[in-house]
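The structure file model29.json is reproduced below (JSON, C-alpha atoms (C1' of nucleotides)).
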[["chain", "number", "residue", "atom", "x", "y", "z"],
["A", 155, "MET", "CA", -31.00, -15.86, -80.49],
["A", 156, "PRO", "CA", -33.31, -15.20, -83.33],
["A", 157, "GLU", "CA", -36.92, -15.96, -82.63],
["A", 158, "LEU", "CA", -39.88, -14.96, -84.77],
["A", 159, "PRO", "CA", -39.51, -11.17, -84.32],
["A", 160, "GLU", "CA", -35.79, -11.22, -85.08],
["A", 161, "VAL", "CA", -36.33, -13.38, -88.16],
["A", 162, "GLU", "CA", -39.05, -11.01, -89.35],
["A", 163, "THR", "CA", -36.67, -8.10, -88.84],
["A", 164, "VAL", "CA", -34.01, -9.87, -90.89],
["A", 165, "ARG", "CA", -36.55, -10.56, -93.64],
["A", 166, "ARG", "CA", -37.57, -6.92, -93.77],
["A", 167, "GLY", "CA", -33.95, -5.88, -93.86],
["A", 168, "LEU", "CA", -33.20, -8.21, -96.75],
["A", 169, "LEU", "CA", -36.21, -7.09, -98.80],
["A", 170, "PRO", "CA", -34.75, -3.92, -100.34],
["A", 171, "VAL", "CA", -31.56, -5.64, -101.50],
["A", 172, "MET", "CA", -32.86, -9.08, -102.47],
["A", 173, "GLU", "CA", -36.42, -8.88, -103.72],
["A", 174, "GLY", "CA", -36.47, -8.46, -107.47],
["A", 175, "ALA", "CA", -32.69, -8.80, -107.73],
["A", 176, "VAL", "CA", -30.73, -11.59, -109.38],
["A", 177, "ILE", "CA", -28.17, -13.67, -107.52],
["A", 178, "ALA", "CA", -25.21, -12.96, -109.78],
["A", 179, "ALA", "CA", -22.85, -15.22, -107.86],
["A", 180, "ALA", "CA", -23.25, -17.60, -104.95],
["A", 181, "ALA", "CA", -20.39, -18.93, -102.85],
["A", 182, "VAL", "CA", -20.88, -21.74, -100.34],
["A", 183, "ASN", "CA", -17.76, -22.16, -98.24],
["A", 184, "ARG", "CA", -18.38, -25.44, -96.47],
["A", 185, "PRO", "CA", -20.38, -28.63, -97.11],
["A", 186, "ASP", "CA", -22.87, -28.22, -94.31],
["A", 187, "LEU", "CA", -24.38, -26.18, -91.54],
["A", 188, "ARG", "CA", -26.73, -28.13, -89.27],
["A", 189, "TRP", "CA", -27.31, -30.43, -92.24],
["A", 190, "PRO", "CA", -25.49, -30.79, -95.55],
["A", 191, "PHE", "CA", -26.32, -28.15, -98.13],
["A", 192, "PRO", "CA", -28.46, -29.48, -100.98],
["A", 193, "PRO", "CA", -26.42, -30.74, -103.95],
["A", 194, "GLY", "CA", -25.26, -28.00, -106.30],
["A", 195, "ILE", "CA", -26.73, -25.22, -104.18],
["A", 196, "ALA", "CA", -24.32, -22.56, -105.45],
["A", 197, "ARG", "CA", -25.01, -23.49, -109.08],
["A", 198, "ARG", "CA", -28.77, -23.61, -108.48],
["A", 199, "LEU", "CA", -28.79, -20.18, -106.84],
["A", 200, "THR", "CA", -26.59, -18.46, -109.40],
["A", 201, "GLY", "CA", -28.63, -16.58, -111.99],
["A", 202, "ALA", "CA", -31.88, -16.92, -110.07],
["A", 203, "ARG", "CA", -34.03, -13.87, -109.47],
["A", 204, "VAL", "CA", -35.54, -13.51, -106.02],
["A", 205, "THR", "CA", -39.23, -13.04, -106.70],
["A", 206, "GLY", "CA", -40.40, -12.95, -103.09],
["A", 207, "LEU", "CA", -39.17, -13.09, -99.54],
["A", 208, "ARG", "CA", -41.52, -14.73, -97.06],
["A", 209, "ARG", "CA", -41.35, -15.90, -93.47],
["A", 210, "ARG", "CA", -42.82, -19.00, -91.89],
["A", 211, "SER", "CA", -42.19, -19.27, -88.18],
["A", 212, "LYS", "CA", -38.42, -18.78, -87.76],
["A", 213, "TYR", "CA", -37.68, -19.66, -91.39],
["A", 214, "ILE", "CA", -37.06, -17.20, -94.20],
["A", 215, "LEU", "CA", -38.26, -18.41, -97.59],
["A", 216, "ALA", "CA", -36.80, -16.83, -100.71],
["A", 217, "ASP", "CA", -38.85, -17.68, -103.79],
["A", 218, "LEU", "CA", -36.73, -17.87, -106.91],
["A", 219, "SER", "CA", -37.44, -17.46, -110.62],
["A", 220, "THR", "CA", -36.17, -21.03, -111.07],
["A", 221, "SER", "CA", -39.33, -22.37, -109.38],
["A", 222, "GLU", "CA", -37.28, -23.25, -106.35],
["A", 223, "THR", "CA", -37.46, -21.74, -102.88],
["A", 224, "LEU", "CA", -34.44, -21.15, -100.69],
["A", 225, "LEU", "CA", -35.13, -21.96, -97.05],
["A", 226, "ILE", "CA", -32.98, -20.17, -94.50],
["A", 227, "HIS", "CA", -32.87, -20.86, -90.77],
["A", 228, "LEU", "CA", -30.64, -18.73, -88.56],
["A", 229, "GLY", "CA", -30.37, -21.30, -85.80],
["A", 230, "MET", "CA", -28.92, -19.72, -82.71],
["A", 231, "SER", "CA", -26.07, -17.63, -83.94],
["A", 232, "GLY", "CA", -26.90, -17.13, -87.61],
["A", 233, "ARG", "CA", -26.47, -13.57, -88.84],
["A", 234, "MET", "CA", -27.16, -11.79, -92.10],
["A", 235, "LEU", "CA", -24.81, -9.06, -93.17],
["A", 236, "ILE", "CA", -25.53, -6.66, -96.01],
["A", 237, "SER", "CA", -22.69, -4.87, -97.73],
["A", 238, "GLY", "CA", -22.11, -3.05, -100.96],
["A", 239, "ALA", "CA", -25.59, -1.59, -100.86],
["A", 240, "GLN", "CA", -26.81, 1.96, -100.72],
["A", 241, "LEU", "CA", -29.20, 2.04, -97.78],
["A", 242, "GLY", "CA", -30.48, 5.50, -97.16],
["A", 243, "SER", "CA", -27.48, 7.78, -97.10],
["A", 244, "PHE", "CA", -25.12, 4.98, -96.06],
["A", 245, "HIS", "CA", -23.05, 2.77, -98.29],
["A", 246, "HIS", "CA", -21.33, -0.27, -96.84],
["A", 247, "ALA", "CA", -18.17, -1.44, -98.54],
["A", 248, "HIS", "CA", -17.65, -5.20, -98.66],
["A", 249, "PRO", "CA", -15.84, -6.23, -95.48],
["A", 250, "ALA", "CA", -12.94, -8.67, -95.50],
["A", 251, "PRO", "CA", -14.12, -12.29, -95.35],
["A", 252, "ALA", "CA", -14.71, -13.23, -91.74],
["A", 253, "LYS", "CA", -14.52, -16.49, -89.88],
["A", 254, "HIS", "CA", -17.82, -18.37, -90.14],
["A", 255, "ASP", "CA", -18.91, -16.63, -93.35],
["A", 256, "HIS", "CA", -20.54, -19.74, -94.80],
["A", 257, "VAL", "CA", -22.66, -18.43, -97.67],
["A", 258, "VAL", "CA", -22.08, -15.28, -99.73],
["A", 259, "LEU", "CA", -24.65, -14.08, -102.25],
["A", 260, "ASP", "CA", -23.61, -11.31, -104.64],
["A", 261, "MET", "CA", -26.68, -9.66, -106.08],
["A", 262, "ASP", "CA", -26.77, -8.01, -109.50],
["A", 263, "ASN", "CA", -27.60, -4.68, -107.82],
["A", 264, "GLY", "CA", -24.18, -4.60, -106.19],
["A", 265, "ALA", "CA", -25.34, -5.74, -102.77],
["A", 266, "ARG", "CA", -23.73, -8.67, -100.99],
["A", 267, "VAL", "CA", -25.63, -10.80, -98.50],
["A", 268, "THR", "CA", -23.40, -12.84, -96.20],
["A", 269, "PHE", "CA", -24.68, -15.62, -93.94],
["A", 270, "ASN", "CA", -22.40, -15.96, -90.92],
["A", 271, "ASP", "CA", -23.07, -18.61, -88.28],
["A", 272, "ALA", "CA", -20.49, -19.40, -85.62],
["A", 273, "ARG", "CA", -22.33, -22.31, -84.02],
["A", 274, "ARG", "CA", -23.68, -23.73, -87.25],
["A", 275, "PHE", "CA", -27.11, -24.51, -85.85],
["A", 276, "GLY", "CA", -28.52, -22.75, -88.87],
["A", 277, "ALA", "CA", -29.64, -24.41, -92.07],
["A", 278, "MET", "CA", -30.29, -23.81, -95.74],
["A", 279, "ASP", "CA", -32.20, -25.94, -98.18],
["A", 280, "LEU", "CA", -33.70, -25.72, -101.64],
["A", 281, "MET", "CA", -37.10, -27.11, -102.58],
["A", 282, "PRO", "CA", -39.67, -26.74, -105.32],
["A", 283, "THR", "CA", -41.73, -23.62, -104.63],
["A", 284, "ALA", "CA", -44.93, -25.43, -105.52],
["A", 285, "SER", "CA", -44.47, -27.88, -102.68],
["A", 286, "ALA", "CA", -42.61, -25.66, -100.22],
["A", 287, "GLU", "CA", -45.25, -26.08, -97.54],
["A", 288, "ALA", "CA", -44.67, -29.83, -97.67],
["A", 289, "HIS", "CA", -41.01, -29.48, -96.68],
["A", 290, "PRO", "CA", -40.35, -31.70, -93.65],
["A", 291, "LEU", "CA", -39.27, -28.73, -91.57],
["A", 292, "LEU", "CA", -42.36, -26.70, -92.43],
["A", 293, "SER", "CA", -45.15, -29.24, -92.70],
["A", 294, "VAL", "CA", -45.02, -30.13, -89.01],
["A", 295, "LEU", "CA", -45.20, -26.55, -87.74],
["A", 296, "GLY", "CA", -48.13, -25.28, -85.75],
["A", 297, "PRO", "CA", -49.99, -22.10, -86.70],
["A", 298, "GLU", "CA", -48.36, -18.71, -86.94],
["A", 299, "PRO", "CA", -48.96, -16.93, -83.64],
["A", 300, "LEU", "CA", -49.90, -13.73, -85.46],
["A", 301, "GLY", "CA", -52.17, -15.53, -87.91],
["A", 302, "ASN", "CA", -55.88, -16.32, -87.82],
["A", 303, "ASP", "CA", -55.32, -20.04, -87.22],
["A", 304, "PHE", "CA", -53.90, -19.33, -83.79],
["A", 305, "HIS", "CA", -56.78, -18.71, -81.42],
["A", 306, "GLU", "CA", -58.13, -19.59, -78.01],
["A", 307, "GLY", "CA", -59.80, -22.78, -79.19],
["A", 308, "HIS", "CA", -56.61, -24.09, -80.79],
["A", 309, "LEU", "CA", -54.47, -23.32, -77.77],
["A", 310, "ALA", "CA", -56.96, -24.78, -75.31],
["A", 311, "ALA", "CA", -57.20, -28.00, -77.30],
["A", 312, "ARG", "CA", -53.45, -28.39, -77.52],
["A", 313, "LEU", "CA", -52.83, -27.70, -73.83],
["A", 314, "LYS", "CA", -55.64, -29.94, -72.62],
["A", 315, "GLY", "CA", -54.37, -32.93, -70.70],
["A", 316, "ARG", "CA", -50.72, -32.23, -71.37],
["A", 317, "ALA", "CA", -48.51, -33.27, -68.49],
["A", 318, "THR", "CA", -45.68, -30.95, -69.39],
["A", 319, "PRO", "CA", -44.80, -27.50, -68.04],
["A", 320, "ILE", "CA", -46.51, -24.64, -69.85],
["A", 321, "LYS", "CA", -43.02, -23.32, -70.62],
["A", 322, "SER", "CA", -42.19, -26.48, -72.56],
["A", 323, "ALA", "CA", -45.58, -26.55, -74.26],
["A", 324, "LEU", "CA", -45.21, -23.04, -75.64],
["A", 325, "LEU", "CA", -41.72, -23.86, -76.90],
["A", 326, "ASP", "CA", -43.19, -26.77, -78.85],
["A", 327, "GLN", "CA", -43.18, -25.59, -82.47],
["A", 328, "HIS", "CA", -45.94, -28.07, -83.31],
["A", 329, "LEU", "CA", -48.28, -26.22, -80.94],
["A", 330, "VAL", "CA", -47.47, -22.71, -82.07],
["A", 331, "ALA", "CA", -44.60, -21.84, -84.38],
["A", 332, "GLY", "CA", -42.12, -19.09, -83.70],
["A", 333, "LEU", "CA", -41.78, -18.72, -79.94],
["A", 334, "GLY", "CA", -38.38, -19.32, -78.37],
["A", 335, "ASN", "CA", -37.01, -19.27, -74.87],
["A", 336, "ILE", "CA", -36.89, -15.50, -74.50],
["A", 337, "TYR", "CA", -40.39, -14.66, -75.61],
["A", 338, "VAL", "CA", -41.99, -17.57, -73.75],
["A", 339, "CYS", "CA", -40.45, -16.18, -70.55],
["A", 340, "GLU", "CA", -41.81, -12.74, -71.35],
["A", 341, "VAL", "CA", -45.25, -14.05, -72.30],
["A", 342, "LEU", "CA", -45.63, -16.08, -69.11],
["A", 343, "PHE", "CA", -44.53, -13.10, -67.02],
["A", 344, "ARG", "CA", -47.12, -10.89, -68.63],
["A", 345, "ALA", "CA", -49.74, -13.60, -68.22],
["A", 346, "GLY", "CA", -48.87, -14.20, -64.56],
["A", 347, "ILE", "CA", -48.37, -17.92, -65.11],
["A", 348, "HIS", "CA", -45.55, -19.83, -63.41],
["A", 349, "PRO", "CA", -43.37, -21.53, -66.06],
["A", 350, "ALA", "CA", -43.42, -24.83, -64.18],
["A", 351, "ARG", "CA", -47.22, -25.05, -64.03],
["A", 352, "MET", "CA", -48.53, -28.07, -65.92],
["A", 353, "ALA", "CA", -50.04, -27.11, -69.27],
["A", 354, "ARG", "CA", -53.22, -29.04, -68.40],
["A", 355, "ASP", "CA", -53.66, -26.89, -65.29],
["A", 356, "VAL", "CA", -53.75, -23.58, -67.13],
["A", 357, "THR", "CA", -57.31, -22.29, -66.73],
["A", 358, "SER", "CA", -59.66, -21.34, -69.55],
["A", 359, "LEU", "CA", -59.43, -17.73, -68.49],
["A", 360, "GLU", "CA", -55.65, -17.85, -68.63],
["A", 361, "VAL", "CA", -55.71, -19.52, -72.04],
["A", 362, "SER", "CA", -57.98, -16.77, -73.33],
["A", 363, "ARG", "CA", -55.50, -14.20, -72.07],
["A", 364, "LEU", "CA", -52.45, -16.01, -73.42],
["A", 365, "VAL", "CA", -53.40, -15.63, -77.07],
["A", 366, "PRO", "CA", -53.54, -11.81, -77.12],
["A", 367, "ILE", "CA", -50.51, -11.60, -74.86],
["A", 368, "ILE", "CA", -48.45, -13.75, -77.24],
["A", 369, "ARG", "CA", -49.55, -11.53, -80.12],
["A", 370, "GLU", "CA", -48.72, -8.38, -78.14],
["A", 371, "VAL", "CA", -45.27, -9.51, -77.08],
["A", 372, "LEU", "CA", -44.30, -10.59, -80.58],
["A", 373, "SER", "CA", -45.81, -7.54, -82.27],
["A", 374, "GLU", "CA", -44.04, -5.18, -79.91],
["A", 375, "ALA", "CA", -40.73, -6.93, -80.58],
["A", 376, "ILE", "CA", -41.26, -6.76, -84.35],
["A", 377, "GLU", "CA", -42.02, -3.09, -84.02],
["A", 378, "ALA", "CA", -38.86, -2.58, -81.96],
["A", 379, "GLY", "CA", -36.90, -4.49, -84.60],
["A", 380, "GLY", "CA", -38.33, -2.33, -87.35],
["A", 381, "SER", "CA", -37.32, 0.85, -85.62],
["A", 382, "SER", "CA", -33.85, -0.53, -84.93],
["A", 383, "LEU", "CA", -33.40, -1.69, -88.54],
["A", 384, "LYS", "CA", -32.42, 1.76, -89.69],
["A", 385, "ASP", "CA", -29.81, 2.07, -86.93],
["A", 386, "TYR", "CA", -28.29, -1.30, -87.71],
["A", 387, "ARG", "CA", -28.00, -0.57, -91.37],
["A", 388, "GLN", "CA", -26.20, 2.57, -90.42],
["A", 389, "ALA", "CA", -24.01, 0.78, -87.89],
["A", 390, "ASP", "CA", -22.62, -2.16, -89.82],
["A", 391, "GLY", "CA", -25.22, -3.63, -92.14],
["A", 392, "GLU", "CA", -25.92, -6.52, -89.81],
["A", 393, "LEU", "CA", -29.55, -7.47, -89.49],
["A", 394, "GLY", "CA", -31.58, -9.11, -86.80],
["A", 395, "TYR", "CA", -30.00, -8.36, -83.48],
["A", 396, "PHE", "CA", -31.22, -5.42, -81.53],
["A", 397, "GLN", "CA", -31.53, -4.38, -77.94],
["A", 398, "HIS", "CA", -34.76, -5.24, -76.21],
["A", 399, "SER", "CA", -35.86, -4.33, -72.77],
["A", 400, "PHE", "CA", -36.94, -7.69, -71.44],
["A", 401, "LYS", "CA", -38.88, -7.74, -68.20],
["A", 402, "VAL", "CA", -37.57, -11.05, -66.88],
["A", 403, "TYR", "CA", -35.33, -12.77, -69.44],
["A", 404, "ASP", "CA", -31.73, -12.81, -68.23],
["A", 405, "ARG", "CA", -32.66, -10.60, -65.30],
["A", 406, "ALA", "CA", -32.18, -13.04, -62.42],
["A", 407, "GLY", "CA", -31.77, -11.15, -59.16],
["A", 408, "ASP", "CA", -33.35, -7.97, -60.48],
["A", 409, "ALA", "CA", -36.40, -6.49, -58.81],
["A", 410, "CYS", "CA", -39.68, -7.36, -60.48],
["A", 411, "THR", "CA", -40.89, -4.46, -62.61],
["A", 412, "SER", "CA", -44.56, -4.93, -61.70],
["A", 413, "PRO", "CA", -45.72, -1.91, -59.70],
["A", 414, "GLY", "CA", -45.75, -2.67, -56.00],
["A", 415, "CYS", "CA", -44.68, -6.29, -56.42],
["A", 416, "GLY", "CA", -41.39, -6.33, -54.55],
["A", 417, "GLY", "CA", -40.51, -9.73, -55.94],
["A", 418, "GLN", "CA", -37.17, -10.75, -57.38],
["A", 419, "VAL", "CA", -36.70, -12.28, -60.82],
["A", 420, "THR", "CA", -35.71, -15.91, -60.38],
["A", 421, "ARG", "CA", -33.98, -18.39, -62.68],
["A", 422, "ILE", "CA", -34.81, -22.07, -62.84],
["A", 423, "VAL", "CA", -33.76, -24.69, -65.37],
["A", 424, "GLN", "CA", -36.41, -26.54, -67.37],
["A", 425, "LEU", "CA", -35.50, -29.07, -70.03],
["A", 426, "GLY", "CA", -31.95, -27.82, -69.78],
["A", 427, "ARG", "CA", -32.98, -24.26, -70.52],
["A", 428, "SER", "CA", -33.20, -21.21, -68.31],
["A", 429, "SER", "CA", -36.59, -19.92, -67.30],
["A", 430, "PHE", "CA", -36.87, -16.50, -65.71],
["A", 431, "PHE", "CA", -39.93, -15.48, -63.74],
["A", 432, "CYS", "CA", -41.20, -13.55, -60.76],
["A", 433, "PRO", "CA", -42.33, -15.97, -58.03],
["A", 434, "LEU", "CA", -44.73, -13.40, -56.63],
["A", 435, "CYS", "CA", -46.42, -12.38, -59.90],
["A", 436, "GLN", "CA", -46.45, -15.78, -61.52],
["A", 437, "ARG", "CA", -48.41, -18.59, -59.96],
["B", 739, "DG", "C1'", -48.47, -40.98, -78.69],
["B", 740, "DG", "C1'", -46.51, -38.12, -75.15],
["B", 741, "DT", "C1'", -42.53, -36.69, -72.71],
["B", 742, "DT", "C1'", -37.71, -36.04, -71.65],
["B", 743, "DA", "C1'", -32.70, -36.37, -72.14],
["B", 744, "DG", "C1'", -28.99, -36.11, -75.23],
["B", 745, "DT", "C1'", -26.83, -34.08, -79.11],
["B", 746, "DC", "C1'", -24.76, -30.78, -82.25],
["B", 747, "DC", "C1'", -21.43, -26.24, -82.13],
["B", 748, "DT", "C1'", -18.41, -22.20, -80.79],
["B", 749, "DG", "C1'", -17.78, -17.95, -78.15],
["B", 750, "DC", "C1'", -17.95, -15.97, -73.87],
["B", 751, "DG", "C1'", -17.80, -15.47, -68.89],
["B", 752, "DT", "C1'", -16.20, -17.25, -64.62],
["B", 753, "DG", "C1'", -13.17, -19.36, -61.37],
["B", 754, "DC", "C1'", -8.89, -21.22, -60.17],
["C", 408, "DT", "C1'", -2.06, -14.63, -67.99],
["C", 409, "DG", "C1'", -3.77, -18.87, -69.21],
["C", 410, "DC", "C1'", -6.41, -22.79, -68.82],
["C", 411, "DA", "C1'", -10.61, -25.63, -67.87],
["C", 412, "DC", "C1'", -15.17, -25.62, -67.48],
["C", 413, "DG", "C1'", -20.08, -24.44, -67.81],
["C", 414, "DC", "C1'", -23.46, -22.13, -70.23],
["C", 415, "DA", "C1'", -26.15, -20.31, -74.09],
["C", 416, "DG", "C1'", -30.20, -22.56, -77.09],
["C", 417, "DG", "C1'", -33.29, -24.38, -81.85],
["C", 418, "DA", "C1'", -34.69, -28.47, -83.13],
["C", 419, "DC", "C1'", -33.82, -33.12, -84.24],
["C", 420, "DT", "C1'", -33.23, -38.05, -82.55],
["C", 421, "DA", "C1'", -33.35, -41.71, -79.32],
["C", 422, "DA", "C1'", -35.07, -43.61, -75.30],
["C", 423, "DC", "C1'", -38.49, -44.34, -71.97]]

Kindly present the structure from the file in structure tokens form.
Amino acid sequence: MPELPEVETVRRGLLPVMEGAVIAAAAVNRPDLRWPFPPGIARRLTGARVTGLRRRSKYILADLSTSETLLIHLGMSGRMLISGAQLGSFHHAHPAPAKHDHVVLDMDNGARVTFNDARRFGAMDLMPTASAEAHPLLSVLGPEPLGNDFHEGHLAARLKGRATPIKSALLDQHLVAGLGNIYVCEVLFRAGIHPARMARDVTSLEVSRLVPIIREVLSEAIEAGGSSLKDYRQADGELGYFQHSFKVYDRAGDACTSPGCGGQVTRIVQLGRSSFFCPLCQR
DNA sequence: GGTTAGTCCTGCGTGC
DNA sequence: TGCACGCAGGACTAAC
């Protein structure tokens, strides 16, 4: 489930094969993912040089020489596969077309980038680069959690008076953009805050601690992704999914890892999603 | 305006 | 073994 760190890892993995290269051929194998592809997307991509590869929240933005920007969202199960490229001492031959290969980009450097998405919660769109920030999916996003606009004052103001669990508030992309279910669980564990606590009841002290904790958790995951990137290239060219050692996520029944705690990681459902926490550490 | 439930989708794990 | 079912979840839309 790609959240901000996974998307950043994918972006970094795509950089050496896409940035500066020309999309020699683009194949789009179905009319839609989450939404319909923009009209003529294959034609509009073909011949375009990728001049930059950026990330905003969980979106990858590929700036093109055609003054358009390709927006990519991995959704839940979206994967990027690189083949035909020389990465380090490894060369990946093009694999046989697989089920759910929806978009295939053949670069002029010989690399092939394949977007595979079984659940089709992902999305792609094209927009003018000059007004990319105004795209409906991007314009409503809150600040980047690793950016300067995300700070204690912002978070405090957005949590103030909100009668919703802190878990839900931190998942709200309008409040801060890029956190998903996994990292919110990890952040709240590290902060010692119960996921069901009302956002308005989070104290000033806790808010001041949340900001650096969110940065830490995400930065550590990006770092882990970076170090795993090399291994994944070697393994099969697939980017973005790597093993993390989560403290609470998907660890229901396990002993809490806090020294001397003795608690047991517990699962509850909030807004139809699993929350994992330690009832002794998190209040 | 704020909040929550429903929805989309397919693969996987579990239980019968 | 095979089937039915629930679950996973990002983010929109509708309803309250």

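Set the cut-off at 10 Å, count all atoms listed in the file, and the residues of chain C near chain A turn out to be DC414, DA415, DG416, DG417 and DA418 of chain C.
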
Residues from the last selection, C-alpha atoms (C1' of nucleotides), saved as an mmCIF file, keeping the file's coordinate frame:
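See result24.cif below for the written result:
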data_model
loop_
_atom_site.group_PDB
_atom_site.id
_atom_site.type_symbol
_atom_site.label_atom_id
_atom_site.label_comp_id
_atom_site.auth_asym_id
_atom_site.auth_seq_id
_atom_site.Cartn_x
_atom_site.Cartn_y
_atom_site.Cartn_z
ATOM 1 C "C1'" DC C 414 -23.460 -22.130 -70.230
ATOM 2 C "C1'" DA C 415 -26.150 -20.310 -74.090
ATOM 3 C "C1'" DG C 416 -30.200 -22.560 -77.090
ATOM 4 C "C1'" DG C 417 -33.290 -24.380 -81.850
ATOM 5 C "C1'" DA C 418 -34.690 -28.470 -83.130
#

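One distance worth recording is that between atom CA of A:Ala345 and atom CA of A:Val371, which is 10.7 Å.
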
With 10 Å as the cut-off and all atoms listed in the file counted, what is the closest atom pair between each nearby residue of chain A and chain B? Distances in Å to one decimal, ordered by chain and number, as a tab-separated table.
residue	atom	partner	partner_atom	distance
A:Leu187	CA	B:DC747	C1'	9.9
A:Arg188	CA	B:DC746	C1'	7.8
A:Met230	CA	B:DC747	C1'	9.9
A:Ser231	CA	B:DT748	C1'	9.5
A:Asp271	CA	B:DT748	C1'	9.5
A:Ala272	CA	B:DT748	C1'	6.0
A:Arg273	CA	B:DC747	C1'	4.5
A:Arg274	CA	B:DC747	C1'	6.1
A:Phe275	CA	B:DC747	C1'	7.0
A:Arg316	CA	B:DG740	C1'	8.2
A:Ala317	CA	B:DT741	C1'	8.1
A:Thr318	CA	B:DT741	C1'	7.3
A:Leu425	CA	B:DT742	C1'	7.5
A:Gly426	CA	B:DA743	C1'	8.9

Selection from above, C-alpha atoms, as an mmCIF file, in the frame of the given file, can you write it?
data_model
loop_
_atom_site.group_PDB
_atom_site.id
_atom_site.type_symbol
_atom_site.label_atom_id
_atom_site.label_comp_id
_atom_site.auth_asym_id
_atom_site.auth_seq_id
_atom_site.Cartn_x
_atom_site.Cartn_y
_atom_site.Cartn_z
ATOM 1 C CA LEU A 187 -24.380 -26.180 -91.540
ATOM 2 C CA ARG A 188 -26.730 -28.130 -89.270
ATOM 3 C CA MET A 230 -28.920 -19.720 -82.710
ATOM 4 C CA SER A 231 -26.070 -17.630 -83.940
ATOM 5 C CA ASP A 271 -23.070 -18.610 -88.280
ATOM 6 C CA ALA A 272 -20.490 -19.400 -85.620
ATOM 7 C CA ARG A 273 -22.330 -22.310 -84.020
ATOM 8 C CA ARG A 274 -23.680 -23.730 -87.250
ATOM 9 C CA PHE A 275 -27.110 -24.510 -85.850
ATOM 10 C CA ARG A 316 -50.720 -32.230 -71.370
ATOM 11 C CA ALA A 317 -48.510 -33.270 -68.490
ATOM 12 C CA THR A 318 -45.680 -30.950 -69.390
ATOM 13 C CA LEU A 425 -35.500 -29.070 -70.030
ATOM 14 C CA GLY A 426 -31.950 -27.820 -69.780
#

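Among A:Ser399, A:Cys435, A:Leu372, A:Leu225, the residue with the shortest atom-to-atom distance to A:Pro290, counting all atoms listed in the file, is A:Leu225.
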
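Here atom CA of A:Thr200 and atom CA of A:Met261 stand 9.4 Å from one another.
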